[in-house]
file upload_37.cif (mmCIF, C-alpha atoms)
data_input
#
loop_
_atom_site.label_atom_id
_atom_site.label_comp_id
_atom_site.auth_asym_id
_atom_site.auth_seq_id
_atom_site.Cartn_x
_atom_site.Cartn_y
_atom_site.Cartn_z
CA MET A 70 10.66 -14.25 -16.01
CA SER A 71 12.94 -17.19 -16.53
CA ASP A 72 13.81 -17.36 -12.87
CA GLU A 73 15.70 -20.57 -12.72
CA THR A 74 18.19 -19.49 -15.35
CA ASN A 75 18.59 -16.06 -13.79
CA GLY A 76 18.62 -17.42 -10.30
CA ASN A 77 22.17 -18.66 -10.30
CA HIS A 78 24.63 -15.92 -10.97
CA HIS A 79 28.07 -14.60 -10.22
CA ASP A 80 27.40 -14.36 -6.53
CA GLY A 81 26.90 -18.11 -6.36
CA VAL A 82 23.65 -17.84 -4.45
CA ASP A 83 20.79 -19.59 -6.18
CA ARG A 84 17.11 -18.85 -5.97
CA ARG A 85 16.33 -21.90 -3.92
CA GLY A 86 18.78 -20.67 -1.35
CA PHE A 87 16.92 -17.41 -1.13
CA LEU A 88 13.52 -18.98 -0.87
CA LYS A 89 14.73 -20.41 2.40
CA CYS A 90 16.56 -17.29 3.38
CA MET A 91 15.59 -15.85 6.68
CA ALA A 92 17.62 -13.33 8.55
CA TRP A 93 17.23 -11.94 12.04
CA ALA A 94 17.41 -8.28 12.79
CA GLY A 95 20.86 -7.19 13.70
CA THR A 96 22.67 -9.56 11.40
CA GLY A 97 23.36 -6.67 9.07
CA ALA A 98 22.46 -8.44 5.87
CA LEU A 99 22.38 -6.35 2.75
CA TYR A 100 20.42 -7.30 -0.34
CA ILE A 101 20.94 -5.81 -3.74
CA MET A 102 18.82 -6.74 -6.70
CA GLN A 103 20.40 -6.39 -10.13
CA GLY A 104 18.52 -7.29 -13.26
CA GLY A 105 16.08 -9.35 -11.24
CA VAL A 106 18.78 -11.27 -9.44
CA LEU A 107 19.17 -10.79 -5.77
CA LYS A 108 22.68 -10.63 -4.38
CA SER A 109 23.61 -10.74 -0.77
CA TYR A 110 26.51 -9.11 1.00
CA VAL A 111 27.63 -8.97 4.55
CA MET A 112 27.16 -5.45 5.82
CA GLY A 113 30.41 -3.55 5.79
CA ALA A 114 31.52 -5.40 2.67
CA SER A 115 28.75 -3.75 0.69
CA PRO A 116 29.89 -2.24 -2.57
CA GLN A 117 29.49 1.47 -3.33
CA LEU A 118 26.33 1.75 -1.35
CA GLY A 119 26.18 5.02 0.45
CA ALA A 120 29.00 6.33 -1.68
CA GLY A 121 28.38 8.77 -4.51
CA SER A 122 24.68 9.40 -4.66
CA SER A 123 24.06 9.45 -8.38
CA ALA A 124 21.32 11.48 -9.97
CA GLY A 125 17.93 9.87 -9.78
CA GLU A 126 18.80 7.87 -6.72
CA LEU A 127 16.02 7.40 -4.27
CA SER A 128 16.48 6.52 -0.62
CA PHE A 129 13.75 5.92 1.88
CA VAL A 130 13.35 4.16 5.19
CA GLN A 131 10.78 1.69 6.40
CA ILE A 132 9.88 1.48 10.08
CA SER A 133 7.20 -0.75 11.49
CA ASP A 134 5.29 -1.94 14.53
CA SER A 135 6.10 0.83 16.99
CA HIS A 136 3.24 -0.43 19.22
CA MET A 137 3.15 2.79 21.23
CA GLY A 138 1.47 2.06 24.56
CA PHE A 139 2.89 -1.45 24.92
CA ASN A 140 4.40 -1.76 28.41
CA LYS A 141 4.88 -5.46 29.11
CA ALA A 142 8.02 -7.46 29.88
CA ALA A 143 9.23 -7.67 26.27
CA ASN A 144 9.92 -3.90 26.23
CA GLY A 145 9.04 -1.43 28.96
CA ASP A 146 10.26 1.56 26.93
CA VAL A 147 8.79 1.59 23.44
CA VAL A 148 9.21 5.38 23.34
CA GLY A 149 12.94 4.95 23.92
CA THR A 150 13.38 2.34 21.20
CA LEU A 151 11.37 4.42 18.72
CA LYS A 152 13.63 7.37 19.53
CA SER A 153 16.65 5.13 18.85
CA ALA A 154 15.12 4.22 15.49
CA VAL A 155 14.85 7.92 14.67
CA ASP A 156 18.49 8.44 15.70
CA LYS A 157 19.45 5.57 13.41
CA ILE A 158 17.50 7.12 10.53
CA ASN A 159 19.15 10.49 11.12
CA ALA A 160 22.60 8.88 11.04
CA LEU A 161 22.16 7.06 7.69
CA PRO A 162 24.88 7.81 5.13
CA ILE A 163 22.29 8.92 2.57
CA ALA A 164 19.52 11.01 4.08
CA PRO A 165 16.23 9.27 3.28
CA GLU A 166 13.66 11.32 1.40
CA PHE A 167 10.73 9.92 3.29
CA ILE A 168 9.62 7.25 5.73
CA LEU A 169 7.17 4.42 5.25
CA HIS A 170 5.49 3.21 8.44
CA THR A 171 4.00 -0.22 7.82
CA GLY A 172 1.50 -0.17 10.66
CA ASP A 173 0.85 -0.97 14.29
CA ILE A 174 1.76 2.60 15.03
CA SER A 175 -0.16 2.24 18.30
CA HIS A 176 -0.79 -0.73 20.56
CA LEU A 177 -4.42 -0.02 21.47
CA SER A 178 -5.53 2.70 18.99
CA LYS A 179 -5.54 5.28 21.80
CA PRO A 180 -5.26 8.94 20.71
CA GLU A 181 -2.36 9.57 23.10
CA GLU A 182 -0.45 6.64 21.61
CA PHE A 183 -0.72 8.10 18.10
CA ASP A 184 0.20 11.53 19.52
CA THR A 185 3.38 10.17 21.07
CA VAL A 186 4.51 8.51 17.83
CA ASP A 187 3.79 11.71 15.88
CA GLN A 188 5.84 13.66 18.43
CA VAL A 189 8.84 11.29 18.32
CA LEU A 190 8.86 11.12 14.51
CA LYS A 191 8.94 14.93 14.29
CA SER A 192 12.66 14.77 15.03
CA ALA A 193 13.33 12.49 12.04
CA ILE A 194 15.38 14.03 9.26
CA ALA A 195 12.78 12.90 6.71
CA LYS A 196 9.67 15.01 7.12
CA GLU A 197 7.32 13.12 4.84
CA ILE A 198 5.84 9.94 6.32
CA PHE A 199 3.52 7.52 4.54
CA TYR A 200 1.44 5.12 6.60
CA VAL A 201 -0.64 2.00 6.25
CA PRO A 202 -2.62 0.73 9.23
CA GLY A 203 -1.91 -2.36 11.30
CA GLU A 204 -4.67 -4.23 13.10
CA HIS A 205 -3.70 -2.42 16.33
CA ASP A 206 -4.45 0.96 14.72
CA VAL A 207 -8.06 0.20 13.81
CA LEU A 208 -9.38 -1.27 17.05
CA ASN A 209 -12.94 -0.53 18.18
CA ASP A 210 -13.82 2.04 15.49
CA ASP A 211 -13.24 0.27 12.15
CA GLY A 212 -10.29 2.54 11.47
CA LYS A 213 -12.14 5.86 11.67
CA GLN A 214 -9.52 7.55 13.83
CA TYR A 215 -6.68 6.15 11.72
CA LEU A 216 -8.23 7.60 8.56
CA GLU A 217 -8.74 10.99 10.19
CA ARG A 218 -5.12 11.12 11.32
CA TYR A 219 -3.19 9.43 8.51
CA GLY A 220 -5.49 8.59 5.63
CA LYS A 221 -7.30 11.76 4.58
CA ALA A 222 -6.32 11.56 0.93
CA THR A 223 -6.69 7.80 0.58
CA ASN A 224 -9.28 5.41 -0.82
CA GLY A 225 -11.57 3.04 1.09
CA SER A 226 -10.04 1.97 4.39
CA GLY A 227 -6.77 3.76 3.57
CA TRP A 228 -5.16 2.45 0.38
CA TYR A 229 -3.38 4.78 -2.07
CA SER A 230 -0.47 5.15 -4.43
CA PHE A 231 2.10 7.82 -5.25
CA ASP A 232 5.21 8.31 -7.38
CA LYS A 233 8.72 9.29 -6.34
CA LYS A 234 11.49 9.70 -8.92
CA GLY A 235 9.97 7.22 -11.31
CA VAL A 236 9.21 4.61 -8.66
CA HIS A 237 5.54 3.80 -8.11
CA PHE A 238 4.55 3.21 -4.47
CA ILE A 239 1.37 1.42 -3.50
CA GLY A 240 0.13 1.38 0.12
CA LEU A 241 -2.36 -1.41 0.77
CA VAL A 242 -4.62 -2.20 3.76
CA ASN A 243 -4.97 -5.86 4.71
CA VAL A 244 -6.13 -5.61 8.33
CA MET A 245 -9.82 -4.80 7.89
CA ASN A 246 -12.90 -7.04 7.76
CA LEU A 247 -10.96 -10.16 8.64
CA LYS A 248 -12.96 -13.36 8.43
CA PRO A 249 -13.16 -16.14 11.06
CA GLY A 250 -10.32 -18.60 10.55
CA GLY A 251 -8.83 -16.40 7.85
CA LEU A 252 -5.69 -14.40 7.23
CA GLY A 253 -5.10 -10.79 6.30
CA SER A 254 -7.47 -9.58 3.60
CA LEU A 255 -7.45 -6.94 0.87
CA GLY A 256 -11.02 -7.36 -0.31
CA HIS A 257 -12.74 -6.89 -3.62
CA ASP A 258 -12.85 -3.08 -3.74
CA GLN A 259 -9.16 -2.68 -3.04
CA LEU A 260 -8.17 -5.36 -5.56
CA GLU A 261 -10.27 -3.65 -8.21
CA TRP A 262 -8.62 -0.34 -7.39
CA LEU A 263 -5.15 -1.93 -7.58
CA GLU A 264 -5.82 -3.50 -10.96
CA HIS A 265 -6.88 -0.12 -12.29
CA ASP A 266 -3.98 1.71 -10.60
CA VAL A 267 -1.27 -0.32 -12.34
CA LYS A 268 -2.98 -1.18 -15.61
CA HIS A 269 -1.53 1.58 -17.76
CA ARG A 270 1.90 1.83 -16.20
CA LYS A 271 5.00 0.83 -18.11
CA ALA A 272 6.42 -2.58 -17.27
CA SER A 273 9.77 -0.92 -16.64
CA THR A 274 8.38 1.13 -13.72
CA PRO A 275 9.86 -0.09 -10.44
CA ILE A 276 7.00 -0.93 -8.07
CA VAL A 277 7.09 -0.84 -4.28
CA VAL A 278 4.07 -2.28 -2.47
CA PHE A 279 3.80 -1.76 1.27
CA ALA A 280 1.23 -3.19 3.67
CA HIS A 281 1.15 -4.28 7.29
CA MET A 282 0.60 -8.03 7.13
CA PRO A 283 2.86 -10.10 4.86
CA LEU A 284 1.55 -10.40 1.29
CA TRP A 285 3.03 -13.89 1.11
CA SER A 286 2.30 -16.97 3.10
CA VAL A 287 4.86 -16.75 5.91
CA TYR A 288 3.09 -18.97 8.44
CA PRO A 289 -0.68 -19.31 8.07
CA GLU A 290 -0.91 -21.26 11.34
CA TRP A 291 -0.21 -17.95 13.07
CA GLY A 292 -2.22 -15.95 10.59
CA TRP A 293 0.94 -14.62 8.92
CA GLY A 294 -0.26 -14.12 5.38
CA THR A 295 -2.96 -12.45 3.28
CA GLU A 296 -5.68 -14.61 1.81
CA ASP A 297 -6.13 -12.74 -1.47
CA SER A 298 -2.53 -11.56 -1.97
CA SER A 299 -1.98 -13.81 -4.99
CA GLN A 300 -4.67 -11.93 -6.87
CA ALA A 301 -3.00 -8.63 -6.01
CA LEU A 302 0.36 -9.95 -7.19
CA SER A 303 -1.15 -11.23 -10.43
CA TYR A 304 -1.76 -7.59 -11.40
CA LEU A 305 1.96 -6.90 -10.93
CA LYS A 306 3.29 -9.74 -13.08
CA LYS A 307 4.25 -7.57 -16.03
CA PHE A 308 6.58 -5.37 -13.99
CA GLY A 309 10.27 -6.16 -14.00
CA SER A 310 10.93 -5.01 -10.45
CA VAL A 311 8.42 -5.40 -7.64
CA THR A 312 9.40 -4.95 -4.00
CA VAL A 313 6.90 -5.85 -1.29
CA LEU A 314 7.56 -4.39 2.17
CA ASN A 315 5.61 -5.65 5.18
CA GLY A 316 5.73 -5.61 8.97
CA HIS A 317 3.51 -7.44 11.47
CA ILE A 318 5.78 -10.39 12.25
CA HIS A 319 8.43 -8.34 14.11
CA GLN A 320 11.39 -10.03 12.46
CA LEU A 321 13.34 -9.87 9.23
CA MET A 322 12.42 -12.26 6.50
CA GLN A 323 13.06 -12.19 2.81
CA LYS A 324 11.93 -14.20 -0.17
CA VAL A 325 12.27 -13.80 -3.93
CA GLU A 326 9.67 -15.17 -6.27
CA GLY A 327 10.10 -14.35 -9.94
CA ASN A 328 10.10 -10.58 -10.31
CA VAL A 329 9.00 -9.99 -6.72
CA THR A 330 11.18 -9.47 -3.66
CA PHE A 331 9.28 -9.84 -0.40
CA HIS A 332 10.72 -8.35 2.75
CA THR A 333 9.43 -7.97 6.29
CA ALA A 334 10.89 -5.37 8.65
CA ALA A 335 11.84 -5.60 12.30
CA SER A 336 9.68 -3.86 14.87
CA THR A 337 10.86 -0.83 16.80
CA ALA A 338 9.08 -2.19 19.90
CA PHE A 339 9.54 -5.92 20.56
CA PRO A 340 10.57 -9.09 18.72
CA GLN A 341 8.30 -12.04 17.98
CA PRO A 342 9.37 -15.67 17.69
CA GLN A 343 10.33 -17.41 14.49
CA PRO A 344 7.40 -19.27 12.89
CA GLY A 345 6.44 -22.30 14.96
CA LYS A 346 9.35 -21.81 17.37
CA ALA A 347 7.08 -20.86 20.29
CA GLU A 348 3.59 -21.66 21.51
CA SER A 349 2.25 -18.45 20.03
CA PRO A 350 3.37 -15.39 18.08
CA GLY A 351 3.19 -13.26 21.25
CA PRO A 352 5.91 -10.78 22.26
CA MET A 353 9.23 -12.47 22.90
CA THR A 354 11.07 -11.43 26.04
CA VAL A 355 14.83 -11.60 25.60
CA PRO A 356 17.67 -10.67 27.99
CA ALA A 357 17.85 -6.88 28.30
CA GLY A 358 21.16 -6.64 26.44
CA GLU A 359 19.76 -8.45 23.40
CA LEU A 360 16.57 -6.47 22.82
CA ARG A 361 17.95 -3.69 20.64
CA GLY A 362 19.75 -6.18 18.44
CA LEU A 363 16.35 -7.60 17.51
CA LEU A 364 14.70 -4.26 16.75
CA GLY A 365 15.51 -2.10 13.79
CA ILE A 366 14.88 -0.03 10.72
CA THR A 367 15.02 -0.88 7.02
CA ASP A 368 16.78 1.38 4.56
CA VAL A 369 15.90 1.03 0.87
CA ASN A 370 17.91 2.48 -2.00
CA PHE A 371 17.14 2.59 -5.68
CA VAL A 372 19.96 3.26 -8.06
CA HIS A 373 18.37 3.62 -11.47
CA GLY A 374 21.57 3.60 -13.49
CA ARG A 375 22.50 0.24 -12.07
CA HIS A 376 18.97 -1.19 -12.14
CA ALA A 377 19.54 -2.00 -8.53
CA LEU A 378 17.44 -1.99 -5.47
CA ALA A 379 19.09 -2.46 -2.13
CA ILE A 380 17.46 -3.26 1.15
CA VAL A 381 19.61 -2.77 4.23
CA ASP A 382 18.38 -3.74 7.67
CA SER A 383 20.10 -2.24 10.68
CA SER A 384 19.40 -3.11 14.29
CA LEU A 385 19.00 -0.51 17.03
CA LYS A 386 22.17 -1.64 18.78
CA MET B 80 -25.82 30.23 60.03
CA ARG B 81 -24.44 27.53 62.29
CA GLU B 82 -27.87 25.94 62.54
CA GLY B 83 -28.03 25.91 58.76
CA ILE B 84 -24.75 24.04 58.53
CA GLN B 85 -25.86 21.56 61.16
CA LYS B 86 -29.10 20.99 59.31
CA ALA B 87 -27.24 20.43 56.10
CA GLY B 88 -24.94 18.02 57.89
CA ARG B 89 -27.86 16.13 59.32
CA LEU B 90 -29.51 15.94 55.91
CA ALA B 91 -26.30 14.70 54.39
CA ARG B 92 -26.01 12.00 57.05
CA ILE B 93 -29.56 10.88 56.39
CA ALA B 94 -28.94 10.85 52.67
CA LEU B 95 -25.76 8.82 53.18
CA ALA B 96 -27.56 6.32 55.43
CA SER B 97 -30.34 5.80 52.91
CA THR B 98 -27.82 5.35 50.13
CA LEU B 99 -26.13 2.66 52.19
CA ILE B 100 -29.43 0.90 52.76
CA ILE B 101 -30.45 1.07 49.13
CA GLY B 102 -26.95 0.21 47.98
CA GLY B 103 -26.77 -2.67 50.42
CA SER B 104 -30.04 -4.19 49.28
CA ALA B 105 -29.04 -3.79 45.63
CA ASN B 106 -25.84 -5.60 46.47
CA LEU B 107 -27.75 -8.47 48.10
CA LEU B 108 -30.00 -8.61 45.09
CA ALA B 109 -27.02 -8.85 42.75
CA GLN B 110 -25.52 -11.62 44.87
CA ALA B 111 -28.77 -13.58 44.79
CA GLU B 112 -28.92 -13.06 41.04
CA ALA B 113 -25.34 -14.22 40.61
CA ALA B 114 -26.05 -17.37 42.59
CA LYS B 115 -28.87 -18.22 40.20
CA VAL B 116 -27.09 -17.46 36.91
CA PRO B 117 -24.78 -20.28 35.82
CA THR B 118 -21.39 -19.03 34.70
CA ALA B 119 -18.52 -20.37 32.63
CA GLU B 120 -15.05 -19.13 31.82
CA VAL B 121 -12.94 -19.01 28.69
CA LYS B 122 -9.29 -18.02 29.07
CA ILE B 123 -7.32 -16.48 26.24
CA ASP B 124 -3.74 -17.73 26.42
CA ASN B 125 -1.07 -17.92 23.74
CA PHE B 126 -3.39 -16.69 20.99
CA SER B 127 -6.03 -19.35 21.64
CA PHE B 128 -9.37 -19.69 23.37
CA GLY B 129 -9.45 -22.30 26.13
CA PRO B 130 -11.54 -24.31 25.95
CA ALA B 131 -12.05 -23.70 22.24
CA LEU B 132 -15.27 -25.71 22.44
CA LEU B 133 -17.40 -24.83 25.47
CA THR B 134 -20.75 -26.50 26.16
CA VAL B 135 -23.09 -24.72 28.58
CA ALA B 136 -26.74 -24.78 29.69
CA SER B 137 -29.07 -22.14 28.34
CA GLY B 138 -28.89 -18.97 30.42
CA THR B 139 -25.18 -19.32 31.17
CA LYS B 140 -23.10 -16.18 31.41
CA VAL B 141 -19.74 -16.83 29.73
CA THR B 142 -16.76 -14.63 30.62
CA TRP B 143 -13.63 -14.40 28.48
CA THR B 144 -10.39 -13.21 30.11
CA ASN B 145 -7.41 -12.12 28.02
CA ARG B 146 -4.21 -13.34 29.66
CA ASP B 147 -1.93 -12.50 26.71
CA ASP B 148 0.36 -9.48 26.40
CA ILE B 149 -1.44 -8.60 23.18
CA PRO B 150 -5.04 -7.38 22.87
CA HIS B 151 -7.70 -9.74 21.54
CA THR B 152 -11.40 -9.51 20.75
CA VAL B 153 -14.32 -11.91 21.08
CA VAL B 154 -16.65 -11.56 18.09
CA ALA B 155 -19.47 -13.90 17.02
CA ASP B 156 -19.13 -15.01 13.41
CA ASP B 157 -22.62 -13.56 12.82
CA LYS B 158 -21.72 -10.47 14.94
CA ALA B 159 -24.45 -11.34 17.52
CA PHE B 160 -21.91 -10.38 20.18
CA LYS B 161 -18.76 -8.33 19.85
CA SER B 162 -16.32 -7.22 22.52
CA LYS B 163 -14.09 -4.20 22.31
CA ALA B 164 -10.35 -4.90 22.17
CA LEU B 165 -9.47 -6.55 25.49
CA ASP B 166 -6.10 -5.58 26.87
CA THR B 167 -4.21 -7.88 29.27
CA ASP B 168 -6.52 -9.16 32.07
CA GLU B 169 -9.60 -7.43 30.69
CA THR B 170 -12.81 -9.45 30.42
CA PHE B 171 -15.91 -9.67 28.27
CA SER B 172 -19.13 -11.44 29.23
CA TYR B 173 -22.14 -12.57 27.28
CA THR B 174 -25.20 -14.50 28.46
CA PHE B 175 -26.42 -17.22 26.11
CA ASP B 176 -30.21 -17.55 26.32
CA LYS B 177 -31.00 -19.71 23.31
CA PRO B 178 -29.78 -23.24 22.52
CA GLY B 179 -27.53 -23.53 19.49
CA ALA B 180 -23.90 -23.34 18.37
CA TYR B 181 -22.20 -19.97 18.52
CA PRO B 182 -18.91 -19.87 16.60
CA TYR B 183 -16.76 -16.85 17.37
CA PHE B 184 -13.26 -15.53 16.62
CA CYS B 185 -10.76 -12.81 17.44
CA SER B 186 -11.29 -10.14 14.81
CA ILE B 187 -7.67 -8.96 15.22
CA HIS B 188 -6.15 -12.45 14.90
CA PRO B 189 -8.79 -14.31 12.92
CA HIS B 190 -6.96 -17.63 13.08
CA MET B 191 -8.12 -17.68 16.73
CA THR B 192 -11.53 -19.35 16.73
CA GLY B 193 -13.86 -20.94 19.29
CA THR B 194 -17.43 -22.16 19.69
CA VAL B 195 -19.94 -21.98 22.52
CA VAL B 196 -22.58 -24.73 22.33
CA VAL B 197 -25.72 -23.94 24.31
CA LYS B 198 -27.87 -26.92 25.26
#

call {"tool": "encode", "arguments": {"input": "upload_37.cif", "output": "structure tokens"}}
result
Amino acid sequence: MSDETNGNHHDGVDRRGFLKCMAWAGTGALYIMQGGVLKSYVMGASPQLGAGSSAGELSFVQISDSHMGFNKAANGDVVGTLKSAVDKINALPIAPEFILHTGDISHLSKPEEFDTVDQVLKSAIAKEIFYVPGEHDVLNDDGKQYLERYGKATNGSGWYSFDKKGVHFIGLVNVMNLKPGGLGSLGHDQLEWLEHDVKHRKASTPIVVFAHMPLWSVYPEWGWGTEDSSQALSYLKKFGSVTVLNGHIHQLMQKVEGNVTFHTAASTAFPQPQPGKAESPGPMTVPAGELRGLLGITDVNFVHGRHALAIVDSSLK
Amino acid sequence: MREGIQKAGRLARIALASTLIIGGSANLLAQAEAAKVPTAEVKIDNFSFGPALLTVASGTKVTWTNRDDIPHTVVADDKAFKSKALDTDETFSYTFDKPGAYPYFCSIHPHMTGTVVVK
């Protein structure tokens, strides 16, 4: 794509601006991509979104990092904040068709932690939930329990793809077999599967990739990236619209690179510091009144007629 | 009937006393053992092993303690030792019997690395 020429459009925001763009949960930023160009709006001033659901529209919600079982200072009630996330989902103007959970469902891979999340999510208006594992979901057993619970019809350690209203969704696993000193990893088998999965699809098919760890280099010093993500993305080059949804870093971040929009979701459990802004990426304890403003859900809307994809982050406040 | 109960009580008391003796001597034995075995500590703080490079004498028992709010693991690069996920304040110990360098990492956060050098 000729990014640099497309990158500066009517909205007056150029690509370079977006490469640096980083938003915190609760700021209510709304992103709409039209013809490969990302436009930003302040929430509330968003045009037509939520109004008039045209035929072929697809709405879904991403939640991430529920860390059920976490009980330290940063959030003593992760059940309560997950319930708030469900309330938020149920109150969306367009009912989402399904939910993507981008991992760290549990904090310590304990059966009761998974049970609690399953129980809370039962009250969500969307009944279908698609998962990918986070590193906290595959502790001590190489992901066996995760696969039994959430990955029965998947490949390898839990990767798979499916189609919804003409959009192709690809769930990837980048938290297994991590190497000393390394980042997240997809591995040879999964890359081979991905290449095959997208090979014969039309370039006009909108693609949504979701995985736990960021598939772009957010901050390698804290392990926030995936070592072989560039190979995965090379298989997606021909597609006009690729959206990559990740979790893991417990904060909102967005970047556009060519045809690909990268987005990380807030956690429903606790925030983590901005890259390099603390001694470590550990849970960030904030004053009680500020916690919910830093947690949230991500609502994604495709409007085929307008060639638009919109990502709306809302905090749990 | 009553005699039976008394007998049982007496037997139980004897059993308890012998347990205490055996238990006590085992305890002493463990203490003596502990005094002989050199030990060293590695603390996990802020997603790092401290010290990241630890040099010990052969036979040293090294104990890692996770002091973060997030679980970590201690896994040898060659998988010679491998802890389960350690929650806050949980520990893992391994005794190094052979000289050499033992690089290890946290398999959940692989950017966390350390080495134990055994002289």

call {"tool": "interface_residues", "arguments": {"input": "upload_37.cif", "of": "chain A", "to": "chain B", "cutoff": "8 Å", "atoms": "only C-alpha atoms", "output": "PyMOL selection string"}}
result
chain A and resi 141+177+204-205+208-209+244+246-252+290-292+348-352

call {"tool": "write_last_selection", "arguments": {"input": "upload_37.cif", "atoms": "C-alpha atoms", "output": "PDB file, in the frame of the given file"}}
result
ATOM      1  CA  LYS A 141       4.880  -5.460  29.110  1.00  0.00           C
ATOM      2  CA  LEU A 177      -4.420  -0.020  21.470  1.00  0.00           C
ATOM      3  CA  GLU A 204      -4.670  -4.230  13.100  1.00  0.00           C
ATOM      4  CA  HIS A 205      -3.700  -2.420  16.330  1.00  0.00           C
ATOM      5  CA  LEU A 208      -9.380  -1.270  17.050  1.00  0.00           C
ATOM      6  CA  ASN A 209     -12.940  -0.530  18.180  1.00  0.00           C
ATOM      7  CA  VAL A 244      -6.130  -5.610   8.330  1.00  0.00           C
ATOM      8  CA  ASN A 246     -12.900  -7.040   7.760  1.00  0.00           C
ATOM      9  CA  LEU A 247     -10.960 -10.160   8.640  1.00  0.00           C
ATOM     10  CA  LYS A 248     -12.960 -13.360   8.430  1.00  0.00           C
ATOM     11  CA  PRO A 249     -13.160 -16.140  11.060  1.00  0.00           C
ATOM     12  CA  GLY A 250     -10.320 -18.600  10.550  1.00  0.00           C
ATOM     13  CA  GLY A 251      -8.830 -16.400   7.850  1.00  0.00           C
ATOM     14  CA  LEU A 252      -5.690 -14.400   7.230  1.00  0.00           C
ATOM     15  CA  GLU A 290      -0.910 -21.260  11.340  1.00  0.00           C
ATOM     16  CA  TRP A 291      -0.210 -17.950  13.070  1.00  0.00           C
ATOM     17  CA  GLY A 292      -2.220 -15.950  10.590  1.00  0.00           C
ATOM     18  CA  GLU A 348       3.590 -21.660  21.510  1.00  0.00           C
ATOM     19  CA  SER A 349       2.250 -18.450  20.030  1.00  0.00           C
ATOM     20  CA  PRO A 350       3.370 -15.390  18.080  1.00  0.00           C
ATOM     21  CA  GLY A 351       3.190 -13.260  21.250  1.00  0.00           C
ATOM     22  CA  PRO A 352       5.910 -10.780  22.260  1.00  0.00           C
TER      23      PRO A 352
END

call {"tool": "atom_distance", "arguments": {"input": "upload_37.cif", "atom1": "atom CA of Gln131 of chain A", "atom2": "atom CA of Pro344 of chain A"}}
result
22.2 Å

call {"tool": "resolve_selection", "arguments": {"input": "upload_37.cif", "expression": "the PyMOL selection byres ((chain A and resi 261-277) around 9)", "output": "PyMOL selection string"}}
result
chain A and resi 224+228-230+235-241+256-260+278-279+301+304-314

call {"tool": "write_last_selection", "arguments": {"input": "upload_37.cif", "atoms": "C-alpha atoms", "output": "PDB file, keeping the file's coordinate frame"}}
result
ATOM      1  CA  ASN A 224      -9.280   5.410  -0.820  1.00  0.00           C
ATOM      2  CA  TRP A 228      -5.160   2.450   0.380  1.00  0.00           C
ATOM      3  CA  TYR A 229      -3.380   4.780  -2.070  1.00  0.00           C
ATOM      4  CA  SER A 230      -0.470   5.150  -4.430  1.00  0.00           C
ATOM      5  CA  GLY A 235       9.970   7.220 -11.310  1.00  0.00           C
ATOM      6  CA  VAL A 236       9.210   4.610  -8.660  1.00  0.00           C
ATOM      7  CA  HIS A 237       5.540   3.800  -8.110  1.00  0.00           C
ATOM      8  CA  PHE A 238       4.550   3.210  -4.470  1.00  0.00           C
ATOM      9  CA  ILE A 239       1.370   1.420  -3.500  1.00  0.00           C
ATOM     10  CA  GLY A 240       0.130   1.380   0.120  1.00  0.00           C
ATOM     11  CA  LEU A 241      -2.360  -1.410   0.770  1.00  0.00           C
ATOM     12  CA  GLY A 256     -11.020  -7.360  -0.310  1.00  0.00           C
ATOM     13  CA  HIS A 257     -12.740  -6.890  -3.620  1.00  0.00           C
ATOM     14  CA  ASP A 258     -12.850  -3.080  -3.740  1.00  0.00           C
ATOM     15  CA  GLN A 259      -9.160  -2.680  -3.040  1.00  0.00           C
ATOM     16  CA  LEU A 260      -8.170  -5.360  -5.560  1.00  0.00           C
ATOM     17  CA  VAL A 278       4.070  -2.280  -2.470  1.00  0.00           C
ATOM     18  CA  PHE A 279       3.800  -1.760   1.270  1.00  0.00           C
ATOM     19  CA  ALA A 301      -3.000  -8.630  -6.010  1.00  0.00           C
ATOM     20  CA  TYR A 304      -1.760  -7.590 -11.400  1.00  0.00           C
ATOM     21  CA  LEU A 305       1.960  -6.900 -10.930  1.00  0.00           C
ATOM     22  CA  LYS A 306       3.290  -9.740 -13.080  1.00  0.00           C
ATOM     23  CA  LYS A 307       4.250  -7.570 -16.030  1.00  0.00           C
ATOM     24  CA  PHE A 308       6.580  -5.370 -13.990  1.00  0.00           C
ATOM     25  CA  GLY A 309      10.270  -6.160 -14.000  1.00  0.00           C
ATOM     26  CA  SER A 310      10.930  -5.010 -10.450  1.00  0.00           C
ATOM     27  CA  VAL A 311       8.420  -5.400  -7.640  1.00  0.00           C
ATOM     28  CA  THR A 312       9.400  -4.950  -4.000  1.00  0.00           C
ATOM     29  CA  VAL A 313       6.900  -5.850  -1.290  1.00  0.00           C
ATOM     30  CA  LEU A 314       7.560  -4.390   2.170  1.00  0.00           C
TER      31      LEU A 314
END

call {"tool": "atom_distance", "arguments": {"input": "upload_37.cif", "atom1": "atom CA of Phe231 of chain A", "atom2": "atom CA of Asp368 of chain A"}}
result
18.8 Å

call {"tool": "residues_around", "arguments": {"input": "upload_37.cif", "residues": "Glu126 of chain A", "least_positions_apart": "5", "cutoff": "8 Å", "atoms": "only C-alpha atoms", "output": "ChimeraX atom specification"}}
result
/A:234,370-373

call {"tool": "residues_around", "arguments": {"input": "upload_37.cif", "residues": "Glu197 of chain A", "least_positions_apart": "5", "cutoff": "12 Å", "atoms": "only C-alpha atoms", "output": "count of residues only"}}
result
14

call {"tool": "atom_distance", "arguments": {"input": "upload_37.cif", "atom1": "atom CA of Asn159 of chain A", "atom2": "atom CA of Asp134 of chain A"}}
result
18.9 Å

call {"tool": "residues_near_point", "arguments": {"input": "upload_37.cif", "point": "(8.8, -4.0, 12.1)", "cutoff": "7 Å", "atoms": "only C-alpha atoms", "output": "PyMOL selection string"}}
result
chain A and resi 132-134+316-317+319-320+334-337
